[in-house]
Amino acid sequence: MDVRAVVMGLSGAVPLPGLPDAWHWSPATGVDFAGALSADGKRLLQLSGRDTYDEGLAVSILRFAREHEDEMAARNPFLGSIEGFEPPAGRRFDAVVSIAPKVHRFYHAEKPELTEHVWLAYPAYACEFSGRETLDEAVTRYRMLGLTDLDRTPVPFLKMRFANTVGVA
């Protein structure tokens, strides 16, 4: 699949200033998408913002995701977060998370052939991911974080396990 041609064919897609092979498009008022080709050109790294889109933040996230894509995928094949992200002034995020197609299922209705080529990339906080999430846990985290709010505060995640050491009669 020619991911570049598909993205350039999206309604309203225009080049994203400050990042080669990257685009911005808005399918509806208040809903903004930004995407960049992966370093090898085979995938689209994409984010969205709902009433909070910030072009400078989008460029920073997509650049970081492109540079660290292999590390994120190696950390966790479903939700790969990497610390060390330095957002533009006024933002507190300290990580970027990549979200696999199995988790997000973007485009599964309107462009199913594109879904497997899209990895979402969002600003995050290191305390939100363990790096050991299963597919089911990744889907749950993805749904509960509110990632399209690019002004969000941290949503720390604590996974606990209870072992009943008292015998049940």
# chains A, B, ... in the order shown; residues from 1 in each chain; ligands from 1
call {"tool": "residues_around", "arguments": {"residues": "Leu47 (chain A)", "least_positions_apart": "6", "cutoff": "12 Å", "atoms": "only C-alpha atoms", "output": "JSON, numbers by chain"}}
result
{"A": [22, 23, 24, 25, 26, 31, 32, 33, 34, 35, 36, 53, 54, 55, 57, 58, 59, 60, 61, 62, 63, 65, 96, 97, 98, 99, 104, 106, 118, 119, 120, 121, 122, 123, 124, 147, 148, 149, 150]}
call {"tool": "select_by_dssp", "arguments": {"residues": "region 3-158 of chain A", "states": "helix (DSSP H, G or I)", "output": "PyMOL selection string"}}
result
chain A and resi 3-8+55-75+101-104+112-115+126-128+135-144
call {"tool": "select_by_dssp", "arguments": {"residues": "region 29-144 of chain A", "states": "strand (DSSP E or B)", "output": "ChimeraX atom specification"}}
result
/A:31-37,44-50,79-83,95-99,118-124
call {"tool": "closest_residue", "arguments": {"among": "A:Arg152, A:Arg141, A:Lys159, A:His108", "to": "Gly49 (chain A)", "atoms": "only C-alpha atoms"}}
result
A:Arg152
call {"tool": "residues_around", "arguments": {"residues": "Met1 (chain A)", "least_positions_apart": "3", "cutoff": "9 Å", "atoms": "only C-alpha atoms", "output": "PDB file with N, CA and C atoms, in the first residue's frame"}}
result
ATOM      1  N   ARG A   4       1.519   7.139   1.649  1.00  0.00           N
ATOM      2  CA  ARG A   4       1.602   8.564   1.306  1.00  0.00           C
ATOM      3  C   ARG A   4       0.442   8.960   0.392  1.00  0.00           C
ATOM      4  N   ALA A   5       0.182   8.184  -0.638  1.00  0.00           N
ATOM      5  CA  ALA A   5      -0.897   8.508  -1.584  1.00  0.00           C
ATOM      6  C   ALA A   5      -2.262   8.469  -0.900  1.00  0.00           C
ATOM      7  N   VAL A   6      -2.463   7.514  -0.017  1.00  0.00           N
ATOM      8  CA  VAL A   6      -3.743   7.419   0.692  1.00  0.00           C
ATOM      9  C   VAL A   6      -3.950   8.649   1.569  1.00  0.00           C
ATOM     10  N   LYS A  42       6.504   3.054   5.475  1.00  0.00           N
ATOM     11  CA  LYS A  42       5.517   1.981   5.382  1.00  0.00           C
ATOM     12  C   LYS A  42       4.314   2.161   6.307  1.00  0.00           C
ATOM     13  N   GLU A 113      -8.283  -1.121   4.697  1.00  0.00           N
ATOM     14  CA  GLU A 113      -6.945  -1.475   4.205  1.00  0.00           C
ATOM     15  C   GLU A 113      -5.859  -0.581   4.812  1.00  0.00           C
ATOM     16  N   LEU A 114      -6.244   0.591   5.332  1.00  0.00           N
ATOM     17  CA  LEU A 114      -5.282   1.512   5.933  1.00  0.00           C
ATOM     18  C   LEU A 114      -5.000   1.180   7.402  1.00  0.00           C
ATOM     19  N   HIS A 117      -1.754  -0.147   8.787  1.00  0.00           N
ATOM     20  CA  HIS A 117      -0.576   0.685   8.513  1.00  0.00           C
ATOM     21  C   HIS A 117      -0.510   1.918   9.406  1.00  0.00           C
TER      22      HIS A 117
END
call {"tool": "closest_residue", "arguments": {"among": "A:Gly12, A:Gly167, A:Gly146, A:Pro156", "to": "Thr52 (chain A)", "atoms": "only C-alpha atoms"}}
result
A:Gly146
call {"tool": "closest_residue", "arguments": {"among": "A:Glu110, A:Glu86, A:Asp151, A:Arg91", "to": "Asp51 (chain A)", "atoms": "only C-alpha atoms"}}
result
A:Asp151
call {"tool": "closest_residue", "arguments": {"among": "A:Leu79, A:Ala13, A:Ala95, A:Ala163", "to": "Tyr142 (chain A)", "atoms": "only C-alpha atoms"}}
result
A:Leu79
call {"tool": "closest_residue", "arguments": {"among": "A:Leu44, A:Val155, A:Arg50, A:Gly56", "to": "Gly18 (chain A)", "atoms": "only C-alpha atoms"}}
result
A:Gly56
call {"tool": "closest_residue", "arguments": {"among": "A:Arg132, A:Lys111, A:Arg161, A:Arg92", "to": "Asn76 (chain A)", "atoms": "only C-alpha atoms"}}
result
A:Arg132
call {"tool": "atom_distance", "arguments": {"atom1": "CA of Leu45 (chain A)", "atom2": "CA of Leu10 (chain A)"}}
result
15.0 Å
call {"tool": "atom_distance", "arguments": {"atom1": "CA of Ala74 (chain A)", "atom2": "CA of Phe162 (chain A)"}}
result
29.1 Å
call {"tool": "atom_distance", "arguments": {"atom1": "CA of Pro88 (chain A)", "atom2": "CA of Asp70 (chain A)"}}
result
23.3 Å
call {"tool": "residues_around", "arguments": {"residues": "Val103 (chain A)", "least_positions_apart": "6", "cutoff": "7 Å", "atoms": "only C-alpha atoms", "output": "PyMOL selection string"}}
result
chain A and resi 78+138-139
call {"tool": "write_last_selection", "arguments": {"atoms": "N, CA, C and O atoms", "output": "short mmCIF file (atom, residue, chain, number, x, y, z; two decimals), in the first residue's frame"}}
result
data_model
loop_
_atom_site.label_atom_id
_atom_site.label_comp_id
_atom_site.auth_asym_id
_atom_site.auth_seq_id
_atom_site.Cartn_x
_atom_site.Cartn_y
_atom_site.Cartn_z
N PHE A 78 1.84 -3.46 21.87
CA PHE A 78 0.48 -2.91 21.87
C PHE A 78 0.47 -1.43 22.26
O PHE A 78 -0.18 -0.62 21.62
N ALA A 138 -4.12 -3.12 27.12
CA ALA A 138 -3.80 -2.00 26.23
C ALA A 138 -5.08 -1.36 25.70
O ALA A 138 -5.19 -0.13 25.65
N VAL A 139 -6.04 -2.17 25.30
CA VAL A 139 -7.31 -1.64 24.81
C VAL A 139 -8.00 -0.84 25.90
O VAL A 139 -8.50 0.27 25.67
#
